[in-house]
file structure-v3.csv (CSV, C-alpha atoms)
chain,number,residue,atom,x,y,z
A,1228,MET,CA,4.2,-27.4,13.0
A,1229,LYS,CA,5.8,-25.0,10.6
A,1230,LYS,CA,2.5,-24.3,9.0
A,1231,ILE,CA,0.8,-23.8,12.4
A,1232,LEU,CA,3.5,-21.3,13.5
A,1233,GLN,CA,3.1,-19.4,10.2
A,1234,GLY,CA,-0.7,-19.3,10.7
A,1235,ILE,CA,-0.4,-18.1,14.3
A,1236,PHE,CA,1.9,-15.3,13.1
A,1237,LEU,CA,-0.8,-14.1,10.7
A,1238,LEU,CA,-3.6,-14.4,13.2
A,1239,VAL,CA,-1.5,-12.4,15.7
A,1240,PHE,CA,-1.2,-9.7,13.0
A,1241,LEU,CA,-4.9,-9.7,12.3
A,1242,SER,CA,-5.7,-9.5,16.0
A,1243,GLN,CA,-4.2,-6.1,16.1
A,1244,SER,CA,-7.7,-4.8,15.5
A,1245,ALA,CA,-8.6,-6.0,18.9
A,1246,PHE,CA,-6.1,-3.5,20.4
A,1247,GLY,CA,-7.3,-0.4,18.6
A,1248,ALA,CA,-5.4,-0.9,15.3
A,1249,VAL,CA,-7.4,-1.0,12.1
A,1250,VAL,CA,-6.4,-3.7,9.7
A,1251,GLU,CA,-6.8,-2.9,6.0
A,1252,SER,CA,-5.8,-4.6,2.8
A,1253,ALA,CA,-5.0,-2.9,-0.5
A,1254,VAL,CA,-3.6,-3.6,-3.9
A,1255,TRP,CA,0.0,-2.6,-4.7
A,1256,GLU,CA,-0.3,-0.1,-7.6
A,1257,ASN,CA,1.9,-0.2,-10.7
A,1258,GLY,CA,5.0,2.1,-10.1
A,1259,ASN,CA,4.9,1.8,-6.3
A,1260,THR,CA,8.1,1.2,-4.5
A,1261,LEU,CA,8.9,0.2,-0.9
A,1262,PHE,CA,10.8,3.5,-0.6
A,1263,GLY,CA,7.7,5.3,-1.6
A,1264,PHE,CA,5.7,3.2,0.9
A,1265,PHE,CA,8.0,4.4,3.7
A,1266,GLN,CA,7.5,8.0,2.7
A,1267,LYS,CA,3.7,7.6,2.7
A,1268,TYR,CA,3.7,6.2,6.2
A,1269,ASN,CA,6.5,8.5,7.6
A,1270,ILE,CA,8.8,5.6,8.2
A,1271,PRO,CA,12.5,6.7,8.5
A,1272,THR,CA,14.3,5.9,5.2
A,1273,SER,CA,17.2,4.8,7.3
A,1274,VAL,CA,15.3,1.6,8.0
A,1275,TYR,CA,15.4,0.9,4.3
A,1276,TYR,CA,19.1,1.9,3.8
A,1277,ASP,CA,20.1,-0.2,6.8
A,1278,LEU,CA,19.1,-3.4,5.0
A,1279,ASN,CA,21.9,-5.4,3.5
A,1280,PRO,CA,22.3,-5.2,-0.3
A,1281,GLU,CA,20.7,-8.5,-1.0
A,1282,ASP,CA,17.6,-7.7,1.0
A,1283,ARG,CA,17.3,-4.3,-0.6
A,1284,GLU,CA,17.4,-5.9,-4.0
A,1285,LEU,CA,14.7,-8.4,-2.9
A,1286,THR,CA,12.3,-5.5,-2.2
A,1287,SER,CA,12.3,-4.8,-5.9
A,1288,GLU,CA,10.3,-8.0,-6.3
A,1289,ILE,CA,7.1,-6.5,-5.0
A,1290,TYR,CA,4.8,-6.7,-8.0
A,1291,ALA,CA,1.8,-4.6,-9.1
A,1292,GLY,CA,-1.5,-6.2,-8.2
A,1293,VAL,CA,-0.4,-8.0,-5.1
A,1294,ARG,CA,-2.6,-7.7,-2.1
A,1295,TYR,CA,-0.9,-6.4,1.1
A,1296,PHE,CA,-2.1,-5.8,4.6
A,1297,THR,CA,-1.5,-2.8,7.0
A,1298,ALA,CA,-2.5,-2.2,10.6
A,1299,LEU,CA,-2.9,1.5,11.6
A,1300,ASP,CA,-3.4,2.9,15.1
A,1301,SER,CA,-6.0,5.5,16.0
A,1302,GLU,CA,-3.7,8.3,14.8
A,1303,ASN,CA,-3.2,6.6,11.4
A,1304,ASN,CA,0.4,5.6,12.2
A,1305,LEU,CA,1.5,2.3,10.7
A,1306,VAL,CA,1.8,-0.4,13.4
A,1307,GLN,CA,2.5,-3.4,11.1
A,1308,ALA,CA,2.5,-4.2,7.4
A,1309,LEU,CA,2.7,-7.5,5.4
A,1310,ILE,CA,3.8,-7.1,1.8
A,1311,PRO,CA,4.3,-10.3,-0.3
A,1312,ILE,CA,7.3,-10.6,-2.6
A,1313,GLY,CA,6.4,-13.9,-4.0
A,1314,ASP,CA,4.2,-16.9,-3.2
A,1315,GLY,CA,6.4,-18.0,-0.2
A,1316,MET,CA,7.8,-14.9,1.4
A,1317,GLN,CA,6.7,-11.4,2.6
A,1318,ILE,CA,8.1,-8.2,4.0
A,1319,HIS,CA,7.0,-7.7,7.6
A,1320,ILE,CA,7.3,-4.1,8.8
A,1321,SER,CA,6.6,-3.6,12.5
A,1322,ARG,CA,6.9,-0.8,15.1
A,1323,HIS,CA,8.2,-1.4,18.6
A,1324,ASN,CA,8.6,1.4,21.1
A,1325,GLY,CA,8.5,4.0,18.4
A,1326,SER,CA,11.1,2.3,16.2
A,1327,TYR,CA,10.5,0.4,12.9
A,1328,LYS,CA,12.1,-2.8,11.7
A,1329,ILE,CA,11.9,-5.1,8.7
A,1330,ASP,CA,11.8,-8.9,8.7
A,1331,PHE,CA,11.3,-11.3,5.9
A,1332,THR,CA,8.9,-14.0,7.0
A,1333,PRO,CA,7.2,-17.0,5.3
A,1334,ILE,CA,3.7,-16.5,3.9
A,1335,ALA,CA,1.1,-18.6,5.7
A,1336,TYR,CA,-1.1,-20.7,3.4
A,1337,PHE,CA,-2.7,-24.1,3.1
A,1338,GLU,CA,-2.6,-26.2,0.0
A,1339,THR,CA,-5.2,-28.5,-1.5
A,1340,LYS,CA,-5.4,-31.0,-4.3
A,1341,GLN,CA,-8.6,-30.6,-6.3
A,1342,GLN,CA,-10.4,-32.5,-9.0
A,1343,ILE,CA,-12.8,-31.0,-11.6
A,1344,VAL,CA,-15.0,-32.5,-14.3
A,1345,LEU,CA,-17.6,-30.6,-16.3
A,1346,SER,CA,-19.6,-30.9,-19.5
A,1347,ILE,CA,-19.1,-27.8,-21.6
A,1348,GLN,CA,-22.2,-25.8,-22.2
A,1349,LYS,CA,-21.0,-22.3,-23.3
A,1350,SER,CA,-17.2,-22.5,-23.6
A,1351,ALA,CA,-14.3,-24.0,-21.7
A,1352,TYR,CA,-13.3,-20.6,-20.4
A,1353,GLN,CA,-16.8,-19.4,-19.3
A,1354,ASP,CA,-17.8,-22.7,-17.8
A,1355,LEU,CA,-14.6,-23.1,-15.8
A,1356,MET,CA,-14.8,-19.6,-14.6
A,1357,GLU,CA,-18.4,-20.0,-13.4
A,1358,LEU,CA,-17.5,-23.2,-11.6
A,1359,THR,CA,-14.2,-22.1,-9.9
A,1360,ASP,CA,-14.1,-18.3,-10.0
A,1361,ASP,CA,-10.3,-18.9,-10.4
A,1362,LYS,CA,-8.9,-16.9,-13.4
A,1363,GLY,CA,-5.4,-18.1,-12.8
A,1364,LEU,CA,-6.4,-21.8,-13.0
A,1365,VAL,CA,-8.5,-21.2,-16.2
A,1366,ASN,CA,-5.7,-19.3,-17.9
A,1367,GLU,CA,-3.2,-22.1,-17.1
A,1368,PHE,CA,-5.6,-24.7,-18.4
A,1369,LEU,CA,-6.1,-22.9,-21.7
A,1370,SER,CA,-2.4,-22.0,-22.0
A,1371,ALA,CA,-1.4,-25.7,-21.6
A,1372,TYR,CA,-3.6,-26.7,-24.5
A,1373,LYS,CA,-3.1,-23.6,-26.6
A,1374,ASN,CA,-1.0,-25.2,-29.4
A,1375,SER,CA,-2.7,-28.6,-29.4
A,1376,VAL,CA,-6.5,-27.9,-29.2
A,1377,ASN,CA,-8.5,-25.4,-31.2
A,1378,PHE,CA,-11.1,-24.4,-28.5
A,1379,SER,CA,-13.2,-22.3,-30.9
A,1380,ARG,CA,-13.5,-24.9,-33.7
A,1381,ASN,CA,-13.1,-28.4,-32.2
A,1382,VAL,CA,-14.6,-28.1,-28.7
A,1383,LEU,CA,-18.4,-28.5,-28.8
A,1384,LYS,CA,-21.3,-28.3,-26.4
A,1385,GLY,CA,-21.4,-31.5,-24.4
A,1386,ASP,CA,-17.6,-32.2,-24.7
A,1387,ARG,CA,-16.1,-32.8,-21.3
A,1388,LEU,CA,-13.0,-31.6,-19.5
A,1389,ALA,CA,-11.4,-32.9,-16.4
A,1390,LEU,CA,-8.6,-31.6,-14.2
A,1391,VAL,CA,-6.4,-32.7,-11.3
A,1392,TYR,CA,-4.5,-29.7,-9.8
A,1393,GLU,CA,-2.9,-28.3,-6.7
A,1394,ARG,CA,-3.8,-24.9,-5.3
A,1395,LYS,CA,-2.4,-22.7,-2.5
A,1396,TYR,CA,-4.9,-20.5,-0.5
A,1397,ARG,CA,-4.4,-17.6,1.8
A,1398,LEU,CA,-7.4,-16.3,3.8
A,1399,GLY,CA,-9.7,-18.0,1.4
A,1400,ASN,CA,-8.2,-16.6,-1.7
A,1401,PRO,CA,-6.0,-18.4,-4.3
A,1402,LEU,CA,-2.3,-17.7,-3.9
A,1403,GLY,CA,0.2,-17.9,-6.8
A,1404,ASN,CA,-0.2,-20.1,-9.9
A,1405,ALA,CA,-2.3,-23.2,-10.1
A,1406,ARG,CA,-0.2,-26.4,-10.7
A,1407,ILE,CA,-2.1,-28.6,-13.1
A,1408,LYS,CA,-1.0,-32.2,-12.6
A,1409,ALA,CA,-3.2,-33.8,-15.2
A,1410,ALA,CA,-6.0,-32.7,-17.6
A,1411,MET,CA,-8.3,-34.0,-20.3
A,1412,ILE,CA,-10.5,-32.3,-22.8
A,1413,GLU,CA,-12.6,-33.8,-25.5
A,1414,THR,CA,-12.7,-32.6,-29.0
A,1415,ASN,CA,-15.6,-34.1,-30.9
A,1416,LYS,CA,-15.8,-36.7,-28.1
A,1417,LYS,CA,-12.2,-37.7,-28.5
A,1418,PRO,CA,-10.1,-37.4,-25.3
A,1419,ASN,CA,-6.9,-35.3,-25.3
A,1420,TYR,CA,-4.8,-35.9,-22.2
A,1421,LEU,CA,-1.9,-34.0,-20.8
A,1422,PHE,CA,0.3,-34.4,-17.8
A,1423,SER,CA,2.9,-32.2,-16.1
A,1424,PHE,CA,6.3,-33.6,-15.2
A,1425,ASN,CA,8.9,-32.6,-12.6
A,1426,ASN,CA,10.5,-30.1,-15.2
A,1427,GLY,CA,7.3,-28.1,-15.2
A,1428,ARG,CA,6.4,-28.9,-18.8
A,1429,TYR,CA,3.4,-30.7,-20.3
A,1430,TYR,CA,3.5,-34.0,-22.1
A,1431,ASP,CA,0.9,-36.3,-23.7
A,1432,ILE,CA,0.3,-39.9,-22.6
A,1433,GLN,CA,3.3,-41.1,-24.7
A,1434,GLY,CA,5.7,-38.7,-23.1
A,1435,LYS,CA,5.9,-36.3,-26.0
A,1436,GLU,CA,6.1,-32.7,-25.2
A,1437,ILE,CA,3.0,-30.5,-25.9
A,1438,GLU,CA,4.5,-27.5,-27.7
A,1439,GLY,CA,4.0,-24.3,-25.8
A,1440,PHE,CA,5.7,-20.9,-25.5
A,1441,LEU,CA,9.4,-21.5,-24.7
A,1442,LEU,CA,12.1,-18.9,-24.1
A,1443,TYR,CA,15.6,-18.8,-25.4
A,1444,THR,CA,18.8,-18.1,-23.4
A,1445,PRO,CA,19.2,-14.3,-23.3
A,1446,ILE,CA,23.0,-14.4,-23.4
A,1447,LYS,CA,25.4,-16.6,-25.3
A,1448,THR,CA,28.5,-18.3,-23.9
A,1449,ALA,CA,28.0,-17.2,-20.3
A,1450,ARG,CA,28.2,-19.4,-17.2
A,1451,ILE,CA,25.4,-19.6,-14.6
A,1452,SER,CA,26.7,-18.0,-11.4
A,1453,SER,CA,23.5,-18.3,-9.3
A,1454,ARG,CA,20.4,-20.4,-9.9
A,1455,PHE,CA,16.7,-19.8,-9.2
A,1456,SER,CA,15.7,-20.7,-5.6
A,1457,LEU,CA,12.6,-20.1,-3.4
A,1458,GLY,CA,14.9,-20.2,-0.4
A,1459,ARG,CA,18.7,-20.3,-0.6
A,1460,LYS,CA,21.0,-19.8,2.4
A,1461,HIS,CA,23.3,-16.8,2.0
A,1462,PRO,CA,26.9,-18.2,1.9
A,1463,ILE,CA,28.3,-15.5,4.2
A,1464,LEU,CA,25.4,-14.0,6.2
A,1465,GLY,CA,23.7,-17.3,6.8
A,1466,PHE,CA,20.0,-16.2,6.4
A,1467,VAL,CA,17.6,-17.8,4.0
A,1468,ARG,CA,16.3,-15.7,1.1
A,1469,PRO,CA,14.8,-16.5,-2.2
A,1470,HIS,CA,16.5,-15.8,-5.5
A,1471,TYR,CA,13.9,-15.1,-8.1
A,1472,GLY,CA,16.0,-15.6,-11.3
A,1473,VAL,CA,19.2,-16.9,-12.8
A,1474,ASP,CA,22.4,-14.9,-12.8
A,1475,TYR,CA,24.7,-15.2,-15.8
A,1476,ALA,CA,28.3,-14.1,-15.2
A,1477,ALA,CA,29.6,-12.3,-18.3
A,1478,PRO,CA,32.1,-9.5,-19.1
A,1479,LYS,CA,30.7,-5.9,-19.0
A,1480,GLY,CA,29.3,-4.9,-22.4
A,1481,SER,CA,28.3,-8.5,-23.4
A,1482,THR,CA,25.2,-8.5,-25.6
A,1483,VAL,CA,21.8,-9.3,-24.0
A,1484,LEU,CA,19.1,-10.7,-26.2
A,1485,SER,CA,15.3,-10.8,-25.9
A,1486,ALA,CA,14.3,-14.3,-24.7
A,1487,GLY,CA,11.2,-14.3,-26.8
A,1488,ASN,CA,8.8,-12.2,-28.9
A,1489,GLY,CA,7.0,-9.6,-26.9
A,1490,VAL,CA,6.4,-5.9,-26.0
A,1491,ILE,CA,8.6,-3.9,-23.7
A,1492,ASN,CA,6.8,-3.1,-20.5
A,1493,PHE,CA,9.4,-1.1,-18.7
A,1494,VAL,CA,12.8,0.5,-19.4
A,1495,GLY,CA,14.8,2.3,-16.7
A,1496,LYS,CA,16.1,2.0,-13.2
A,1497,LYS,CA,14.4,-0.3,-10.7
A,1498,GLY,CA,15.7,-0.3,-7.1
A,1499,GLY,CA,18.5,-2.7,-6.4
A,1500,TYR,CA,18.2,-4.2,-9.9
A,1501,GLY,CA,19.7,-1.0,-11.4
A,1502,ASN,CA,19.1,-0.6,-15.1
A,1503,VAL,CA,16.2,-3.0,-16.1
A,1504,ILE,CA,14.2,-4.0,-19.2
A,1505,GLU,CA,10.9,-5.8,-18.7
A,1506,ILE,CA,9.3,-7.6,-21.7
A,1507,ARG,CA,5.7,-8.9,-21.7
A,1508,HIS,CA,5.1,-12.1,-23.7
A,1509,GLU,CA,2.1,-14.2,-24.5
A,1510,ASN,CA,0.5,-16.7,-22.0
A,1511,GLY,CA,0.9,-14.3,-19.1
A,1512,LEU,CA,4.8,-14.5,-19.2
A,1513,LYS,CA,7.1,-11.6,-18.4
A,1514,THR,CA,10.9,-11.5,-18.5
A,1515,ILE,CA,13.2,-9.2,-16.6
A,1516,TYR,CA,16.8,-8.3,-17.5
A,1517,ALA,CA,18.6,-6.5,-14.7
A,1518,HIS,CA,21.9,-4.8,-13.7
A,1519,LEU,CA,22.3,-3.7,-17.3
A,1520,ASP,CA,25.1,-1.3,-18.4
A,1521,SER,CA,23.1,0.3,-21.2
A,1522,PHE,CA,20.1,-0.2,-23.5
A,1523,ALA,CA,20.1,-0.8,-27.2
A,1524,PRO,CA,19.0,2.2,-29.3
A,1525,GLY,CA,15.3,2.6,-29.5
A,1526,MET,CA,14.4,0.6,-26.5
A,1527,LYS,CA,11.2,2.1,-25.0
A,1528,THR,CA,8.0,1.2,-23.4
A,1529,GLY,CA,5.5,-0.2,-25.9
A,1530,LYS,CA,8.1,-1.2,-28.5
A,1531,SER,CA,7.8,-4.7,-29.9
A,1532,VAL,CA,10.8,-6.9,-29.9
A,1533,LYS,CA,11.7,-10.3,-31.5
A,1534,LYS,CA,13.2,-13.4,-30.0
A,1535,GLY,CA,16.9,-13.1,-30.1
A,1536,GLN,CA,16.9,-9.3,-30.7
A,1537,TYR,CA,19.7,-7.2,-29.2
A,1538,ILE,CA,18.2,-5.2,-26.3
A,1539,ALA,CA,21.0,-4.2,-23.9
A,1540,LYS,CA,24.5,-4.8,-22.7
A,1541,VAL,CA,25.6,-6.6,-19.5
A,1542,GLY,CA,26.6,-4.3,-16.6
A,1543,SER,CA,26.9,-4.1,-12.9
A,1544,THR,CA,24.3,-1.3,-12.0
A,1545,GLY,CA,22.2,-1.4,-8.9
A,1546,LEU,CA,23.2,-3.7,-6.0
A,1547,SER,CA,25.7,-5.8,-7.8
A,1548,THR,CA,29.1,-7.2,-6.9
A,1549,GLY,CA,30.3,-7.6,-10.5
A,1550,PRO,CA,29.2,-7.7,-14.1
A,1551,HIS,CA,26.4,-10.2,-14.7
A,1552,LEU,CA,22.9,-10.5,-16.1
A,1553,HIS,CA,20.0,-11.2,-13.7
A,1554,PHE,CA,17.4,-12.9,-15.8
A,1555,GLY,CA,13.9,-13.4,-14.3
A,1556,VAL,CA,10.8,-15.1,-15.6
A,1557,TYR,CA,7.3,-14.4,-14.2
A,1558,LYS,CA,4.0,-16.0,-14.9
A,1559,ASN,CA,1.0,-13.9,-14.0
A,1560,ASN,CA,3.5,-11.7,-12.0
A,1561,ARG,CA,4.7,-14.7,-10.0
A,1562,PRO,CA,8.4,-15.7,-10.3
A,1563,ILE,CA,9.0,-19.1,-11.9
A,1564,ASN,CA,12.3,-20.9,-12.7
A,1565,PRO,CA,13.7,-19.6,-16.0
A,1566,LEU,CA,15.6,-22.8,-16.6
A,1567,GLY,CA,12.3,-24.7,-16.8
A,1568,ASN,CA,11.1,-22.5,-19.5
A,1569,ILE,CA,14.1,-22.2,-21.8
A,1570,LYS,CA,13.9,-24.1,-25.1
A,1571,THR,CA,15.8,-27.3,-25.4
A,1572,GLN,CA,16.2,-29.9,-28.1
A,1573,VAL,CA,14.5,-32.6,-26.1
A,1574,LYS,CA,10.9,-33.0,-27.3
A,1575,GLU,CA,10.3,-36.5,-25.9
A,1576,LEU,CA,11.2,-38.0,-22.6
A,1577,LEU,CA,13.6,-40.9,-22.9
A,1578,ASN,CA,14.9,-43.9,-20.9
A,1579,LYS,CA,14.5,-43.7,-17.1
A,1580,GLU,CA,12.8,-40.3,-17.3
A,1581,LYS,CA,10.2,-41.7,-19.6
A,1582,GLU,CA,9.6,-44.8,-17.4
A,1583,GLU,CA,9.0,-42.5,-14.4
A,1584,PHE,CA,6.7,-40.3,-16.4
A,1585,LEU,CA,4.6,-43.1,-17.9
A,1586,ALA,CA,4.0,-44.5,-14.4
A,1587,LEU,CA,2.9,-41.1,-13.2
A,1588,ALA,CA,0.8,-40.4,-16.2
A,1589,ASN,CA,-1.0,-43.7,-16.1
A,1590,ALA,CA,-1.8,-43.1,-12.4
A,1591,TYR,CA,-3.2,-39.7,-13.1
A,1592,LYS,CA,-5.1,-40.9,-16.1
A,1593,GLY,CA,-6.8,-43.4,-13.8
A,1594,GLU,CA,-7.7,-40.6,-11.5
A,1595,LEU,CA,-9.2,-38.5,-14.3
A,1596,ASP,CA,-11.2,-41.4,-15.6
A,1597,THR,CA,-12.5,-42.2,-12.1
A,1598,ILE,CA,-13.8,-38.6,-11.5
A,1599,ILE,CA,-15.4,-38.6,-15.0
A,1600,ALA,CA,-17.1,-41.9,-14.3
A,1601,GLN,CA,-18.3,-40.5,-10.9
A,1602,ALA,CA,-19.9,-37.5,-12.6
A,1603,ASP,CA,-21.6,-39.8,-15.2
A,1604,THR,CA,-22.9,-42.0,-12.4
A,1605,GLU,CA,-24.3,-39.1,-10.4
A,1606,GLN,CA,-25.5,-37.5,-13.7
A,1607,LYS,CA,-23.9,-34.2,-12.8
A,1608,GLN,CA,-23.0,-31.6,-15.4
A,1609,ALA,CA,-20.2,-30.3,-13.2
A,1610,LEU,CA,-18.4,-31.7,-10.2
A,1611,ILE,CA,-15.6,-30.3,-8.1
A,1612,VAL,CA,-13.9,-32.3,-5.4
A,1613,ARG,CA,-11.4,-30.9,-2.8
A,1614,LEU,CA,-9.3,-33.7,-1.5
A,1615,SER,CA,-7.9,-31.8,1.4
A,1616,PRO,CA,-10.3,-31.0,4.3
A,1617,ASN,CA,-9.4,-27.4,4.9
A,1618,ASP,CA,-11.9,-24.8,3.7
A,1619,ASP,CA,-10.6,-21.8,5.6
A,1620,PHE,CA,-7.2,-21.0,6.9
A,1621,LYS,CA,-8.3,-19.7,10.3
A,1622,LYS,CA,-10.4,-22.9,10.9
A,1623,GLU,CA,-7.4,-25.0,10.0
A,1624,ILE,CA,-5.2,-23.2,12.6
A,1625,GLN,CA,-7.9,-23.4,15.3
A,1626,LYS,CA,-8.5,-27.1,14.6
A,1627,ASP,CA,-4.9,-27.9,15.0
call {"tool": "encode", "arguments": {"input": "structure-v3.csv", "output": "structure tokens"}}
result
Amino acid sequence: MKKILQGIFLLVFLSQSAFGAVVESAVWENGNTLFGFFQKYNIPTSVYYDLNPEDRELTSEIYAGVRYFTALDSENNLVQALIPIGDGMQIHISRHNGSYKIDFTPIAYFETKQQIVLSIQKSAYQDLMELTDDKGLVNEFLSAYKNSVNFSRNVLKGDRLALVYERKYRLGNPLGNARIKAAMIETNKKPNYLFSFNNGRYYDIQGKEIEGFLLYTPIKTARISSRFSLGRKHPILGFVRPHYGVDYAAPKGSTVLSAGNGVINFVGKKGGYGNVIEIRHENGLKTIYAHLDSFAPGMKTGKSVKKGQYIAKVGSTGLSTGPHLHFGVYKNNRPINPLGNIKTQVKELLNKEKEEFLALANAYKGELDTIIAQADTEQKQALIVRLSPNDDFKKEIQKD
């Protein structure tokens, strides 16, 4: 029922065109802000300033490249707008009787489980792109195997790959990051399996972690005051809002370290986050350090930094109730849980966790082997199977 209501909401929005409003979509440009969006469409800035501090901070999560929707009347006045701030929530701006208001509403989507098997003809990247036209999925697959398989040397024409993954779709387009549940790729006809576990990391069939890019805690001897959440209930105000990061409570002036090697992408003020440093890392990862008191000397856009390097000091700038570091991690501009990507000493699952993983991995291995055998039986070079019946969001809503 919840999904149906979300879908009806989006269909009502899109139906504005039937009442003289023109619905358009555009891509959020780098450097844009919600405040600037208000100025562009002559929306009173008081609507922005009337938001509570937590919601104003949340508007800083609009990321460059996200596709948003606007509905304009015949005089080019904004009637409604939908601006995503993550995979699960969006800003809804609407006009009623000449006045504007802002709501935070769930993003309507449907989710499918899909299987892929193909025989490599050109390269893993090119063949997967031609089959799926899903760059996010392809990059996640290559990233998962990056430090265990040499694609240029050891993957040959005729080697096979197989995938079981989950994907969200909105209006026929992929939404967010693909979640690979299991994968296999041959190197010189030898199968290499990997499986994801509930901590978001990848392991081989024995439960040993496949080494990837992991981050280090950006601040020492600090306690976690607020954890990552896609929908937490505000303890005082009662509404549900996501928290796209981890907050570390620490005294003002405490040293903030770069969580990994990378290049500084942004230094300066950013809405409710106050003083911010953004660092771009490999594998599509980005880290954000917010509410900073000051920056280390020499911090500027384009500067390379090393893992563990001093970059800033803890502060309470922006919309903050006290000194703390807000630490965010993003993959392909989508927020992910930082604690699932921080390096730990555990390289192999043990005891009950390992038992649970092995049962899951063996089930997925059977699923991969079955789809590979199906492709062999049907003598198909490539095969993609969508296990959920929905091909289009609108059809799904109408059918229900």
call {"tool": "atom_distance", "arguments": {"input": "structure-v3.csv", "atom1": "CA of Glu1505 (chain A)", "atom2": "CA of Gly1458 (chain A)"}}
result
23.6 Å
call {"tool": "atom_distance", "arguments": {"input": "structure-v3.csv", "atom1": "CA of Asp1282 (chain A)", "atom2": "CA of Arg1468 (chain A)"}}
result
8.1 Å
call {"tool": "residues_around", "arguments": {"input": "structure-v3.csv", "residues": "Asp1596 (chain A)", "least_positions_apart": "5", "cutoff": "12 Å", "atoms": "all atoms listed in the file", "output": "ChimeraX atom specification"}}
result
/A:1342-1344,1387-1391,1409-1412,1418,1420,1589-1591,1601-1603
call {"tool": "write_last_selection", "arguments": {"input": "structure-v3.csv", "atoms": "C-alpha atoms", "output": "JSON list (two decimals), keeping the file's coordinate frame"}}
result
[["chain", "number", "residue", "atom", "x", "y", "z"],
["A", 1342, "GLN", "CA", -10.40, -32.50, -9.00],
["A", 1343, "ILE", "CA", -12.80, -31.00, -11.60],
["A", 1344, "VAL", "CA", -15.00, -32.50, -14.30],
["A", 1387, "ARG", "CA", -16.10, -32.80, -21.30],
["A", 1388, "LEU", "CA", -13.00, -31.60, -19.50],
["A", 1389, "ALA", "CA", -11.40, -32.90, -16.40],
["A", 1390, "LEU", "CA", -8.60, -31.60, -14.20],
["A", 1391, "VAL", "CA", -6.40, -32.70, -11.30],
["A", 1409, "ALA", "CA", -3.20, -33.80, -15.20],
["A", 1410, "ALA", "CA", -6.00, -32.70, -17.60],
["A", 1411, "MET", "CA", -8.30, -34.00, -20.30],
["A", 1412, "ILE", "CA", -10.50, -32.30, -22.80],
["A", 1418, "PRO", "CA", -10.10, -37.40, -25.30],
["A", 1420, "TYR", "CA", -4.80, -35.90, -22.20],
["A", 1589, "ASN", "CA", -1.00, -43.70, -16.10],
["A", 1590, "ALA", "CA", -1.80, -43.10, -12.40],
["A", 1591, "TYR", "CA", -3.20, -39.70, -13.10],
["A", 1601, "GLN", "CA", -18.30, -40.50, -10.90],
["A", 1602, "ALA", "CA", -19.90, -37.50, -12.60],
["A", 1603, "ASP", "CA", -21.60, -39.80, -15.20]]
call {"tool": "atom_distance", "arguments": {"input": "structure-v3.csv", "atom1": "CA of Gly1567 (chain A)", "atom2": "CA of Leu1364 (chain A)"}}
result
19.3 Å
call {"tool": "closest_atom_pairs", "arguments": {"input": "structure-v3.csv", "of": "region 1476-1525 of chain A", "to": "region 1255-1271 of chain A", "cutoff": "12 Å", "atoms": "only C-alpha atoms", "output": "tab-separated table"}}
result
residue	atom	partner	partner_atom	distance
A:Asn1492	CA	A:Asn1257	CA	11.3
A:Phe1493	CA	A:Gly1258	CA	10.2
A:Gly1495	CA	A:Gly1258	CA	11.8
A:Lys1496	CA	A:Gly1258	CA	11.5
A:Lys1497	CA	A:Thr1260	CA	9.0
A:Gly1498	CA	A:Thr1260	CA	8.2
A:Gly1499	CA	A:Thr1260	CA	11.3
call {"tool": "closest_residue", "arguments": {"input": "structure-v3.csv", "among": "A:Pro1280, A:Gly1427, A:Gly1325, A:Gly1487", "to": "Leu1546 (chain A)", "atoms": "all atoms listed in the file"}}
result
A:Pro1280
call {"tool": "closest_residue", "arguments": {"input": "structure-v3.csv", "among": "A:Leu1355, A:Leu1345, A:Ile1563, A:Ile1329", "to": "Leu1278 (chain A)", "atoms": "only C-alpha atoms"}}
result
A:Ile1329
call {"tool": "residues_near_point", "arguments": {"input": "structure-v3.csv", "point": "(-16.7, -33.5, -32.1)", "cutoff": "7 Å", "atoms": "all atoms listed in the file", "output": "PyMOL selection string"}}
result
chain A and resi 1381-1383+1414-1416
call {"tool": "closest_residue", "arguments": {"input": "structure-v3.csv", "among": "A:Gln1606, A:Thr1286, A:Asn1488, A:Asn1578", "to": "Gly1434 (chain A)", "atoms": "all atoms listed in the file"}}
result
A:Asn1578
call {"tool": "decode", "arguments": {"input": "structure-v3.csv", "residues": "region 1610-1615 of chain A", "atoms": "N, CA and C atoms", "output": "short mmCIF file (atom, residue, chain, number, x, y, z; two decimals), in the first residue's frame"}}
result
data_model
loop_
_atom_site.label_atom_id
_atom_site.label_comp_id
_atom_site.auth_asym_id
_atom_site.auth_seq_id
_atom_site.Cartn_x
_atom_site.Cartn_y
_atom_site.Cartn_z
N LEU A 1610 22.44 -13.32 -21.51
CA LEU A 1610 21.09 -13.55 -21.01
C LEU A 1610 20.87 -12.65 -19.81
N ILE A 1611 19.73 -11.96 -19.79
CA ILE A 1611 19.36 -11.14 -18.65
C ILE A 1611 17.94 -11.51 -18.25
N VAL A 1612 17.74 -11.76 -16.96
CA VAL A 1612 16.45 -12.19 -16.45
C VAL A 1612 16.02 -11.25 -15.34
N ARG A 1613 14.85 -10.65 -15.49
CA ARG A 1613 14.27 -9.81 -14.43
C ARG A 1613 13.27 -10.66 -13.67
N LEU A 1614 13.53 -10.87 -12.38
CA LEU A 1614 12.71 -11.77 -11.59
C LEU A 1614 11.46 -11.12 -11.04
N SER A 1615 11.38 -9.78 -11.09
CA SER A 1615 10.16 -9.08 -10.71
C SER A 1615 9.42 -8.70 -11.98
#
